[in-house]
file protein_0.csv (CSV, C-alpha atoms)
chain,number,residue,atom,x,y,z
A,1,MET,CA,99.7,201.2,73.5
A,2,ASP,CA,99.4,200.2,77.1
A,3,ALA,CA,95.9,200.2,78.4
A,4,PHE,CA,94.5,201.1,81.8
A,5,ILE,CA,93.6,198.0,83.7
A,6,THR,CA,90.9,198.4,86.3
A,7,ARG,CA,90.2,196.6,89.6
A,8,ARG,CA,93.8,196.0,90.6
A,9,GLY,CA,94.4,194.2,93.9
A,10,GLY,CA,90.7,193.4,94.6
A,11,GLY,CA,89.8,189.9,95.7
A,12,GLY,CA,93.3,188.6,95.6
A,13,ALA,CA,95.1,187.1,98.6
A,14,PRO,CA,98.5,187.9,100.0
A,15,LEU,CA,99.4,184.2,99.9
A,16,ASN,CA,102.4,183.2,97.9
A,17,PHE,CA,101.2,179.7,97.1
A,18,LYS,CA,98.1,177.7,96.1
A,19,ILE,CA,96.9,174.2,96.9
A,20,THR,CA,94.8,172.4,94.4
A,21,GLY,CA,93.4,168.9,94.1
A,22,GLY,CA,92.6,166.7,91.1
A,23,THR,CA,93.8,163.8,89.0
A,24,THR,CA,95.7,165.9,86.6
A,25,ALA,CA,98.3,168.6,87.3
A,26,PRO,CA,97.0,172.1,86.7
A,27,GLU,CA,98.1,173.9,83.5
A,28,ASN,CA,100.0,177.1,83.7
A,29,PRO,CA,100.7,176.8,87.4
A,30,LYS,CA,102.1,179.7,89.4
A,31,GLU,CA,105.3,179.3,91.5
A,32,ASN,CA,104.6,177.3,94.7
A,33,THR,CA,101.4,175.7,93.5
A,34,ILE,CA,100.9,172.5,95.4
A,35,TRP,CA,99.0,169.8,93.5
A,36,VAL,CA,97.5,166.9,95.4
A,37,ASN,CA,96.8,163.9,93.1
A,38,THR,CA,93.4,162.8,94.4
A,39,ASP,CA,90.0,161.9,93.1
A,40,THR,CA,88.4,162.8,96.4
A,41,GLU,CA,87.1,166.3,96.8
A,42,MET,CA,89.5,168.5,98.8
A,43,THR,CA,87.4,170.1,101.4
A,44,GLY,CA,90.1,172.1,103.0
A,45,TRP,CA,93.8,172.1,103.8
A,46,THR,CA,96.3,172.7,106.5
A,47,PHE,CA,100.0,172.9,107.0
A,48,SER,CA,101.2,171.3,110.2
A,49,ALA,CA,103.9,169.3,111.7
A,50,THR,CA,101.4,167.5,114.0
A,51,GLU,CA,98.2,165.7,113.1
A,52,PRO,CA,95.3,168.1,112.9
A,53,GLU,CA,92.6,167.6,115.5
A,54,SER,CA,89.0,166.9,114.3
A,55,PRO,CA,89.7,166.7,110.6
A,56,ILE,CA,86.8,166.6,108.2
A,57,GLU,CA,86.3,164.2,105.3
A,58,GLY,CA,88.4,165.3,102.4
A,59,MET,CA,90.8,167.6,104.3
A,60,VAL,CA,94.3,167.7,103.0
A,61,TRP,CA,97.1,167.8,105.6
A,62,ILE,CA,100.4,169.1,104.2
A,63,LYS,CA,102.9,167.7,106.7
A,64,THR,CA,105.8,170.0,107.5
A,65,ASN,CA,109.3,169.6,108.9
A,66,ASN,CA,112.3,171.9,109.1
A,67,ILE,CA,114.5,170.6,106.3
A,68,SER,CA,112.3,170.0,103.3
A,69,GLN,CA,114.2,171.0,100.1
A,70,ASN,CA,111.0,172.5,98.7
A,71,SER,CA,110.6,175.3,101.2
A,72,PHE,CA,108.9,178.6,100.2
A,73,ASP,CA,107.7,181.8,101.6
A,74,ALA,CA,104.0,181.5,102.3
A,75,LEU,CA,103.3,185.2,102.1
A,76,THR,CA,104.1,187.7,99.4
A,77,LYS,CA,105.5,190.1,102.0
A,78,ASN,CA,107.2,189.5,105.3
A,79,GLY,CA,108.0,185.9,104.4
A,80,LEU,CA,106.7,183.0,106.5
A,81,THR,CA,108.9,180.0,105.4
A,82,VAL,CA,107.1,176.7,105.1
A,83,TYR,CA,108.8,173.4,104.7
A,84,PRO,CA,106.4,170.9,103.0
A,85,GLU,CA,107.1,167.2,103.4
A,86,CYS,CA,104.2,165.3,102.0
A,87,ALA,CA,100.4,165.4,101.5
A,88,VAL,CA,97.9,163.1,103.1
A,89,GLN,CA,94.1,163.3,102.9
A,90,TYR,CA,91.5,162.4,105.5
A,91,ILE,CA,89.3,159.7,103.8
A,92,SER,CA,86.8,157.5,105.7
A,93,GLY,CA,88.5,158.0,109.1
A,94,SER,CA,92.1,157.7,108.2
A,95,TRP,CA,94.9,159.7,106.6
A,96,ASP,CA,95.7,158.4,103.1
A,97,ALA,CA,99.1,159.2,101.6
A,98,LYS,CA,98.7,161.1,98.3
A,99,GLU,CA,101.1,162.0,95.6
A,100,GLY,CA,101.8,165.6,96.1
A,101,ARG,CA,103.9,167.9,93.9
A,102,ILE,CA,105.0,171.5,94.2
A,103,TYR,CA,105.7,173.7,91.2
A,104,GLN,CA,109.0,175.5,91.6
A,105,ALA,CA,111.4,177.0,89.1
A,106,GLY,CA,109.5,175.6,86.2
A,107,ASN,CA,109.3,172.0,87.4
A,108,TRP,CA,106.9,169.8,89.3
A,109,ILE,CA,108.8,168.4,92.3
A,110,GLU,CA,107.4,165.5,94.3
A,111,LEU,CA,106.5,165.7,98.0
A,112,TRP,CA,106.7,162.4,99.7
A,113,GLY,CA,105.7,161.1,103.2
A,114,GLY,CA,107.6,157.9,103.4
A,115,TYR,CA,105.4,155.1,102.1
A,116,LEU,CA,107.1,152.6,99.8
A,117,TYR,CA,104.5,149.9,99.7
A,118,ARG,CA,101.1,149.6,101.1
A,119,ASN,CA,98.6,146.7,100.4
A,120,GLY,CA,99.4,146.6,96.7
A,121,ASN,CA,100.2,150.2,96.2
A,122,MET,CA,103.9,150.2,95.1
A,123,TYR,CA,104.3,154.0,95.1
A,124,GLU,CA,106.0,153.7,91.7
A,125,TYR,CA,106.8,157.4,91.6
A,126,ILE,CA,109.1,156.8,94.5
A,127,THR,CA,110.2,153.1,94.2
A,128,GLY,CA,109.9,152.5,90.5
A,129,GLY,CA,107.9,149.4,91.6
A,130,TRP,CA,109.0,146.3,93.4
A,131,THR,CA,110.5,143.1,92.0
A,132,VAL,CA,110.8,139.6,93.5
A,133,TYR,CA,114.0,137.7,93.2
A,134,ASN,CA,114.0,133.9,93.9
A,135,SER,CA,116.8,131.4,94.2
A,136,SER,CA,116.3,128.0,92.7
A,137,ALA,CA,113.8,127.0,95.5
A,138,GLY,CA,112.4,130.5,96.1
A,139,THR,CA,108.7,130.9,95.4
A,140,GLY,CA,108.1,134.5,96.2
A,141,ALA,CA,105.5,136.4,94.2
A,142,ILE,CA,103.6,139.7,94.1
A,143,PHE,CA,99.9,139.6,94.7
A,144,ASP,CA,97.2,142.2,94.5
A,145,ASP,CA,97.5,143.4,98.1
A,146,ASN,CA,100.6,141.8,99.4
A,147,ILE,CA,104.0,140.4,98.5
A,148,ARG,CA,105.1,137.0,99.5
A,149,ILE,CA,108.7,135.9,100.0
A,150,SER,CA,109.0,132.1,100.4
A,151,TYR,CA,110.6,128.9,99.3
A,152,SER,CA,109.8,125.3,98.5
A,153,GLY,CA,112.8,122.9,98.4
A,154,SER,CA,115.9,121.8,100.2
A,155,SER,CA,118.5,124.2,98.7
A,156,GLY,CA,118.6,127.6,97.1
A,157,ARG,CA,115.9,128.7,99.6
A,158,ASP,CA,116.3,132.5,99.3
A,159,SER,CA,113.5,134.8,98.2
A,160,SER,CA,113.5,138.6,98.3
A,161,VAL,CA,111.8,141.7,97.0
A,162,TYR,CA,113.6,144.9,96.2
A,163,THR,CA,112.5,148.4,95.1
A,164,ASN,CA,113.3,148.8,91.4
A,165,GLN,CA,115.1,152.0,91.9
A,166,LYS,CA,117.2,153.4,94.7
A,167,ILE,CA,115.9,155.9,97.2
A,168,ASP,CA,117.9,159.1,97.6
A,169,PHE,CA,118.2,159.4,101.4
A,170,SER,CA,119.7,162.9,101.2
A,171,LYS,CA,116.3,164.3,100.2
A,172,HIS,CA,114.4,163.1,103.2
A,173,ALA,CA,114.6,163.3,107.0
A,174,PHE,CA,113.3,159.9,107.9
A,175,ASN,CA,114.9,158.1,110.9
A,176,THR,CA,113.4,154.6,110.8
A,177,LEU,CA,112.4,152.1,108.1
A,178,TYR,CA,109.4,149.9,108.9
A,179,ALA,CA,107.8,146.8,107.4
A,180,ARG,CA,104.6,145.3,108.5
A,181,VAL,CA,104.8,141.5,107.8
A,182,ASN,CA,103.4,138.2,108.8
A,183,ILE,CA,106.1,135.6,109.1
A,184,THR,CA,104.6,132.1,108.8
A,185,TYR,CA,107.8,130.1,109.0
A,186,VAL,CA,111.3,130.7,110.1
A,187,GLY,CA,114.5,129.0,109.1
A,188,LEU,CA,118.2,129.9,109.0
A,189,SER,CA,118.5,133.7,109.2
A,190,GLY,CA,114.8,134.3,109.1
A,191,VAL,CA,113.3,137.4,107.5
A,192,THR,CA,115.5,140.5,106.9
A,193,LEU,CA,114.6,144.1,106.2
A,194,GLY,CA,117.6,145.9,104.7
A,195,VAL,CA,118.9,149.0,103.0
A,196,THR,CA,121.6,148.3,100.4
A,197,GLN,CA,123.5,149.8,97.5
A,198,ALA,CA,124.3,146.4,96.1
A,199,ALA,CA,122.5,145.1,93.1
A,200,PRO,CA,119.3,143.1,94.0
A,201,SER,CA,119.7,139.4,94.6
A,202,ALA,CA,117.6,136.6,96.2
A,203,SER,CA,119.4,137.2,99.5
A,204,VAL,CA,119.1,140.3,101.6
A,205,TYR,CA,120.8,139.1,104.7
A,206,TYR,CA,124.1,138.5,102.9
A,207,ASN,CA,123.8,141.4,100.4
A,208,ASN,CA,126.0,143.9,102.1
A,209,CYS,CA,123.3,146.0,103.7
A,210,ALA,CA,124.2,149.4,105.1
A,211,VAL,CA,121.6,148.7,107.8
A,212,LYS,CA,119.4,145.8,108.4
A,213,THR,CA,117.3,143.9,110.9
A,214,SER,CA,116.2,140.3,111.0
A,215,SER,CA,113.4,138.4,112.7
A,216,LYS,CA,113.2,134.8,113.5
A,217,ILE,CA,109.9,135.1,115.2
A,218,THR,CA,106.7,133.9,113.5
A,219,GLY,CA,103.5,135.9,113.4
A,220,SER,CA,102.3,139.4,112.5
A,221,GLN,CA,104.8,142.1,113.4
A,222,VAL,CA,106.5,145.3,112.4
A,223,LEU,CA,110.1,145.1,111.6
A,224,SER,CA,112.0,148.3,112.1
A,225,VAL,CA,115.6,149.5,111.4
A,226,ASP,CA,117.3,152.8,112.2
A,227,VAL,CA,118.2,154.6,109.1
A,228,SER,CA,119.2,157.9,110.7
A,229,SER,CA,122.8,157.2,110.0
A,230,ILE,CA,122.1,157.2,106.3
A,231,ARG,CA,122.0,160.8,105.1
A,232,THR,CA,123.7,160.6,101.8
A,233,GLY,CA,123.6,158.2,98.9
A,234,GLU,CA,121.0,156.2,97.2
A,235,TYR,CA,119.8,152.8,98.4
A,236,TYR,CA,117.5,149.9,97.5
A,237,ILE,CA,115.0,148.9,100.1
A,238,ALA,CA,114.7,145.1,100.4
A,239,LEU,CA,113.1,142.3,102.3
A,240,GLY,CA,114.4,138.8,102.2
A,241,ALA,CA,113.5,135.4,103.5
A,242,ASP,CA,116.2,132.8,104.1
A,243,ALA,CA,114.6,129.4,104.2
A,244,SER,CA,111.6,131.3,105.6
A,245,ASP,CA,108.1,132.4,104.6
A,246,ALA,CA,106.6,135.8,105.0
A,247,TYR,CA,103.9,138.1,103.7
A,248,ILE,CA,104.6,141.8,103.3
A,249,TYR,CA,101.8,144.3,103.7
A,250,GLU,CA,103.4,147.7,104.2
A,251,VAL,CA,106.8,149.3,104.0
A,252,TRP,CA,107.4,152.8,105.0
A,253,MET,CA,109.7,155.3,106.7
A,254,GLU,CA,109.1,157.9,109.4
B,255,MET,CA,81.8,224.5,72.1
B,256,ALA,CA,78.7,222.7,73.3
B,257,ALA,CA,78.6,218.9,72.7
B,258,THR,CA,76.1,216.2,72.8
B,259,ILE,CA,76.5,212.5,73.4
B,260,ASP,CA,74.6,210.3,71.1
B,261,LEU,CA,74.9,206.5,70.7
B,262,GLY,CA,78.4,206.4,72.2
B,263,LYS,CA,79.6,209.3,70.2
B,264,VAL,CA,80.7,212.7,71.4
B,265,VAL,CA,79.6,214.9,68.6
B,266,GLY,CA,80.8,218.4,68.2
B,267,ALA,CA,78.3,221.2,68.0
B,268,ASP,CA,79.3,221.6,64.3
B,269,GLY,CA,77.9,218.0,63.8
B,270,LYS,CA,81.3,216.5,63.1
B,271,ASP,CA,82.4,213.5,65.2
B,272,SER,CA,85.3,214.6,67.4
B,273,VAL,CA,85.5,211.5,69.6
B,274,GLN,CA,84.3,207.9,69.0
B,275,LYS,CA,84.0,205.2,71.6
B,276,TYR,CA,84.2,201.5,70.8
B,277,ASN,CA,83.3,198.7,73.2
B,278,TYR,CA,84.7,195.2,73.0
B,279,SER,CA,83.9,192.0,74.8
B,280,LEU,CA,86.9,189.7,74.4
B,281,SER,CA,87.4,186.0,75.4
B,282,PHE,CA,90.7,184.8,76.9
B,283,PRO,CA,90.4,181.1,77.5
B,284,ALA,CA,92.6,179.5,80.1
B,285,SER,CA,94.0,177.2,77.5
B,286,GLY,CA,95.0,180.0,75.2
B,287,TRP,CA,98.0,181.3,77.0
B,288,THR,CA,101.4,181.0,75.4
B,289,LYS,CA,104.6,180.8,77.5
B,290,GLN,CA,107.3,183.1,76.3
B,291,SER,CA,111.1,182.6,76.6
B,292,ASP,CA,111.2,185.0,79.6
B,293,GLY,CA,108.7,182.9,81.5
B,294,SER,CA,105.7,185.3,80.9
B,295,TYR,CA,102.5,184.2,79.4
B,296,THR,CA,100.7,186.1,76.6
B,297,GLN,CA,97.4,185.8,74.8
B,298,GLN,CA,95.9,188.1,72.1
B,299,ALA,CA,92.2,188.3,71.3
B,300,THR,CA,90.9,189.6,68.1
B,301,ALA,CA,89.3,193.1,68.4
B,302,SER,CA,88.2,194.2,65.0
B,303,GLY,CA,89.1,197.9,64.3
B,304,MET,CA,91.4,198.3,67.3
B,305,LEU,CA,94.5,200.3,66.6
B,306,VAL,CA,97.9,200.1,68.2
B,307,SER,CA,97.6,203.8,68.9
B,308,ASP,CA,94.3,203.4,70.8
B,309,TYR,CA,94.1,204.1,74.4
B,310,ALA,CA,91.9,201.5,76.1
B,311,ILE,CA,90.3,200.9,79.5
B,312,VAL,CA,90.1,197.2,80.2
B,313,ASP,CA,88.1,195.4,82.9
B,314,VAL,CA,87.1,191.9,83.7
B,315,ASP,CA,83.5,191.0,83.0
B,316,LEU,CA,81.9,190.1,86.3
B,317,SER,CA,78.4,189.7,84.9
B,318,SER,CA,78.5,186.0,85.6
B,319,ALA,CA,80.4,186.1,88.9
B,320,THR,CA,78.8,184.9,92.1
B,321,ALA,CA,79.8,185.1,95.7
B,322,ASP,CA,81.5,181.7,95.3
B,323,THR,CA,83.3,182.5,92.1
B,324,PHE,CA,84.2,186.2,92.7
B,325,GLY,CA,87.4,185.4,94.5
B,326,ASP,CA,88.6,183.0,91.7
B,327,VAL,CA,87.7,185.5,89.0
B,328,MET,CA,89.6,188.3,90.7
B,329,GLU,CA,92.6,186.1,91.3
B,330,ALA,CA,92.6,185.2,87.6
B,331,TRP,CA,92.2,188.9,86.6
B,332,ASN,CA,95.0,190.0,89.0
B,333,ALA,CA,97.3,187.6,87.1
B,334,VAL,CA,97.1,189.9,84.1
B,335,SER,CA,100.1,192.2,84.4
B,336,ARG,CA,99.8,194.3,81.2
B,337,ALA,CA,97.2,195.0,78.5
B,338,GLN,CA,98.3,196.5,75.1
B,339,THR,CA,96.2,197.6,72.2
B,340,GLN,CA,97.3,196.0,68.9
B,341,ALA,CA,96.2,196.4,65.3
B,342,GLY,CA,93.0,194.4,65.3
B,343,GLY,CA,93.5,192.9,68.8
B,344,LEU,CA,94.2,193.2,72.5
B,345,LEU,CA,97.3,191.6,73.9
B,346,LEU,CA,97.4,190.5,77.6
B,347,THR,CA,100.6,189.6,79.4
B,348,CYS,CA,101.1,187.8,82.7
B,349,PHE,CA,104.5,187.9,84.3
B,350,ASP,CA,103.9,185.4,87.1
B,351,GLY,CA,101.7,182.6,85.9
B,352,ALA,CA,98.7,182.6,83.7
B,353,PRO,CA,95.0,182.7,84.8
B,354,GLU,CA,93.6,179.2,85.4
B,355,MET,CA,90.1,180.1,84.3
B,356,ASN,CA,88.5,181.5,81.2
B,357,LEU,CA,88.2,185.3,81.3
B,358,THR,CA,85.9,187.6,79.5
B,359,VAL,CA,87.5,191.1,79.2
B,360,LYS,CA,85.7,194.3,78.4
B,361,ALA,CA,87.7,196.9,76.6
B,362,GLU,CA,86.6,200.5,75.9
B,363,VAL,CA,88.5,202.6,73.4
B,364,ILE,CA,88.0,206.3,73.0
B,365,ARG,CA,89.5,207.7,69.9

call {"tool": "encode", "arguments": {"input": "protein_0.csv", "output": "structure tokens"}}
result
Amino acid sequence: MDAFITRRGGGGAPLNFKITGGTTAPENPKENTIWVNTDTEMTGWTFSATEPESPIEGMVWIKTNNISQNSFDALTKNGLTVYPECAVQYISGSWDAKEGRIYQAGNWIELWGGYLYRNGNMYEYITGGWTVYNSSAGTGAIFDDNIRISYSGSSGRDSSVYTNQKIDFSKHAFNTLYARVNITYVGLSGVTLGVTQAAPSASVYYNNCAVKTSSKITGSQVLSVDVSSIRTGEYYIALGADASDAYIYEVWME
Amino acid sequence: MAATIDLGKVVGADGKDSVQKYNYSLSFPASGWTKQSDGSYTQQATASGMLVSDYAIVDVDLSSATADTFGDVMEAWNAVSRAQTQAGGLLLTCFDGAPEMNLTVKAEVIR
């Protein structure tokens, strides 16, 4: 027989979502539970399209846009639609990108802010990891906190690094692809940042990129290429050195 | 007919028990919820002597709640959509997500 349940409605909030932090996803989540994968205590949270002023240590900022595919009504009544893009957390004076997921329709769906590689962090849940491809004289390699694309020899001097899996550009609203690099030597076509559907190879410059940019200037710099024209399809992100030498520290999209 | 209340019993003036009251304290751990095919979550706790025909009043145990935990406890309690007496147990059902913390539930049956 049905029982009488006391204390209905007391203490609850009219919010239609929940944000929780931790290193494991919560069990039995409710619809629109956002989980931020972090081992740093979450001291607060905010939804905003612009950077919060005066954040405190541990604050989680859920970036918002107007096209996220994971939108939800923030309130149980009189819906306030929120479009979450990604999660970052304020740690030691800077915003760290964190893996964020939202629970919708029985599944955990990733939120992502655009980072593809950062000082050794390969963002495998987005990229599947990165792999270096060398021609006969290529000497590129992956190190703990950077990736080097380089060569040593007189022919077959291509070296490249590709994401292991393609990125679905239809799921995100990024306009520009960036790479922070240090080019120590330039030859032939220099260092190229490209987006391609072709299978990975040691060359990026000649690998049928949808968009690309190349630099023949030595030194620390940020390469950038407009990807706003790519709104459908899946693509590898790649950097290649053609008889050149470069260190890669960060790759991201905004 | 005059009546007295003695040790949880309502005793008729003729000395015969006309109503009996049973109190239960039941544990519903966060890990004990089972997801059903319709998406709801259920959990049943053993309540010795409870009958499916019993009418019960159920409440969350707040004896350990503090100012910091009260909101979380109430949020968990409000996830419970339905309580049903069973033969030897109390069945709780949540239609929209299960509580994420352990609950102690008090149930009172008057029979």

call {"tool": "interface_residues", "arguments": {"input": "protein_0.csv", "of": "chain B", "to": "chain A", "cutoff": "6 Å", "atoms": "only C-alpha atoms", "output": "PyMOL selection string"}}
result
chain B and resi 306-307+309-313+325+328-329+337-339+351-352

call {"tool": "closest_residue", "arguments": {"input": "protein_0.csv", "among": "A:Met253, A:Ala97, A:Leu116, A:Val211", "to": "Trp61 of chain A", "atoms": "all atoms listed in the file"}}
result
A:Ala97

call {"tool": "closest_residue", "arguments": {"input": "protein_0.csv", "among": "B:Ser335, B:Tyr295, B:Gly303, B:Phe324", "to": "Tyr278 of chain B", "atoms": "all atoms listed in the file"}}
result
B:Gly303

call {"tool": "residues_around", "arguments": {"input": "protein_0.csv", "residues": "segment 185-193 of chain A", "least_positions_apart": "3", "cutoff": "7 Å", "atoms": "only C-alpha atoms", "output": "NGL selection string"}}
result
:A and (204-205 or 212-218 or 238-245)

call {"tool": "residues_around", "arguments": {"input": "protein_0.csv", "residues": "Asp145 of chain A", "least_positions_apart": "2", "cutoff": "8 Å", "atoms": "all atoms listed in the file", "output": "VMD selection string"}}
result
chain A and resid 118 to 121 143 147 249

call {"tool": "residues_near_point", "arguments": {"input": "protein_0.csv", "point": "(87.8, 188.0, 78.0)", "cutoff": "8 Å", "atoms": "all atoms listed in the file", "output": "list of chain:residue names"}}
result
B:Ser279, B:Leu280, B:Ser281, B:Phe282, B:Pro283, B:Val314, B:Asp315, B:Asn356, B:Leu357, B:Thr358, B:Val359, B:Lys360

call {"tool": "residues_near_point", "arguments": {"input": "protein_0.csv", "point": "(107.6, 134.3, 98.7)", "cutoff": "7 Å", "atoms": "all atoms listed in the file", "output": "list in words"}}
result
Gly138, Thr139, Gly140, Ala141, Arg148, Ile149, Ser150, Tyr151, Ser159, Asp245 and Ala246 of chain A

call {"tool": "write_last_selection", "arguments": {"input": "protein_0.csv", "atoms": "C-alpha atoms", "output": "PDB file, keeping the file's coordinate frame"}}
result
ATOM      1  CA  GLY A 138     112.400 130.500  96.100  1.00  0.00           C
ATOM      2  CA  THR A 139     108.700 130.900  95.400  1.00  0.00           C
ATOM      3  CA  GLY A 140     108.100 134.500  96.200  1.00  0.00           C
ATOM      4  CA  ALA A 141     105.500 136.400  94.200  1.00  0.00           C
ATOM      5  CA  ARG A 148     105.100 137.000  99.500  1.00  0.00           C
ATOM      6  CA  ILE A 149     108.700 135.900 100.000  1.00  0.00           C
ATOM      7  CA  SER A 150     109.000 132.100 100.400  1.00  0.00           C
ATOM      8  CA  TYR A 151     110.600 128.900  99.300  1.00  0.00           C
ATOM      9  CA  SER A 159     113.500 134.800  98.200  1.00  0.00           C
ATOM     10  CA  ASP A 245     108.100 132.400 104.600  1.00  0.00           C
ATOM     11  CA  ALA A 246     106.600 135.800 105.000  1.00  0.00           C
TER      12      ALA A 246
END

call {"tool": "closest_residue", "arguments": {"input": "protein_0.csv", "among": "B:Ala321, B:Val363, B:Leu316, B:Leu346", "to": "Ser294 of chain B", "atoms": "all atoms listed in the file"}}
result
B:Leu346

call {"tool": "atom_distance", "arguments": {"input": "protein_0.csv", "atom1": "atom CA of Tyr236 of chain A", "atom2": "atom CA of His172 of chain A"}}
result
14.7 Å

call {"tool": "decode", "arguments": {"input": "protein_0.csv", "residues": "segment 292-312 of chain B", "atoms": "N, CA and C atoms", "output": "short mmCIF file (atom, residue, chain, number, x, y, z; two decimals), in the first residue's frame"}}
result
data_model
loop_
_atom_site.label_atom_id
_atom_site.label_comp_id
_atom_site.auth_asym_id
_atom_site.auth_seq_id
_atom_site.Cartn_x
_atom_site.Cartn_y
_atom_site.Cartn_z
N ASP B 292 11.99 1.18 -16.90
CA ASP B 292 11.34 2.44 -17.24
C ASP B 292 12.17 3.65 -16.82
N GLY B 293 13.39 3.40 -16.33
CA GLY B 293 14.28 4.48 -15.94
C GLY B 293 14.18 4.86 -14.48
N SER B 294 13.22 4.33 -13.77
CA SER B 294 13.10 4.63 -12.35
C SER B 294 14.11 3.80 -11.56
N TYR B 295 14.29 4.21 -10.32
CA TYR B 295 15.19 3.49 -9.41
C TYR B 295 14.36 2.99 -8.21
N THR B 296 14.65 1.78 -7.78
CA THR B 296 13.93 1.22 -6.64
C THR B 296 14.90 0.61 -5.65
N GLN B 297 14.45 0.57 -4.41
CA GLN B 297 15.22 -0.12 -3.37
C GLN B 297 14.22 -0.53 -2.29
N GLN B 298 14.40 -1.73 -1.80
CA GLN B 298 13.53 -2.24 -0.73
C GLN B 298 14.38 -2.58 0.47
N ALA B 299 13.93 -2.12 1.63
CA ALA B 299 14.60 -2.45 2.89
C ALA B 299 13.73 -3.43 3.66
N THR B 300 14.38 -4.30 4.37
CA THR B 300 13.65 -5.27 5.17
C THR B 300 13.00 -4.60 6.37
N ALA B 301 11.73 -4.85 6.55
CA ALA B 301 10.99 -4.32 7.70
C ALA B 301 10.18 -5.48 8.24
N SER B 302 10.74 -6.16 9.21
CA SER B 302 10.13 -7.38 9.73
C SER B 302 8.73 -7.10 10.27
N GLY B 303 7.78 -7.88 9.82
CA GLY B 303 6.41 -7.75 10.31
C GLY B 303 5.55 -6.81 9.50
N MET B 304 6.14 -6.04 8.61
CA MET B 304 5.34 -5.12 7.81
C MET B 304 4.47 -5.91 6.85
N LEU B 305 3.28 -5.42 6.65
CA LEU B 305 2.34 -6.08 5.75
C LEU B 305 2.07 -5.19 4.55
N VAL B 306 1.74 -5.81 3.44
CA VAL B 306 1.43 -5.05 2.24
C VAL B 306 0.15 -4.22 2.45
N SER B 307 -0.67 -4.60 3.40
CA SER B 307 -1.90 -3.87 3.64
C SER B 307 -1.72 -2.75 4.65
N ASP B 308 -0.53 -2.64 5.21
CA ASP B 308 -0.28 -1.61 6.19
C ASP B 308 -0.31 -0.22 5.56
N TYR B 309 -0.76 0.73 6.35
CA TYR B 309 -0.63 2.13 5.96
C TYR B 309 0.50 2.72 6.80
N ALA B 310 1.48 3.30 6.17
CA ALA B 310 2.65 3.79 6.88
C ALA B 310 2.85 5.28 6.63
N ILE B 311 3.44 5.91 7.60
CA ILE B 311 3.92 7.28 7.46
C ILE B 311 5.44 7.19 7.45
N VAL B 312 6.08 7.73 6.42
CA VAL B 312 7.53 7.61 6.30
C VAL B 312 8.17 8.99 6.31
#
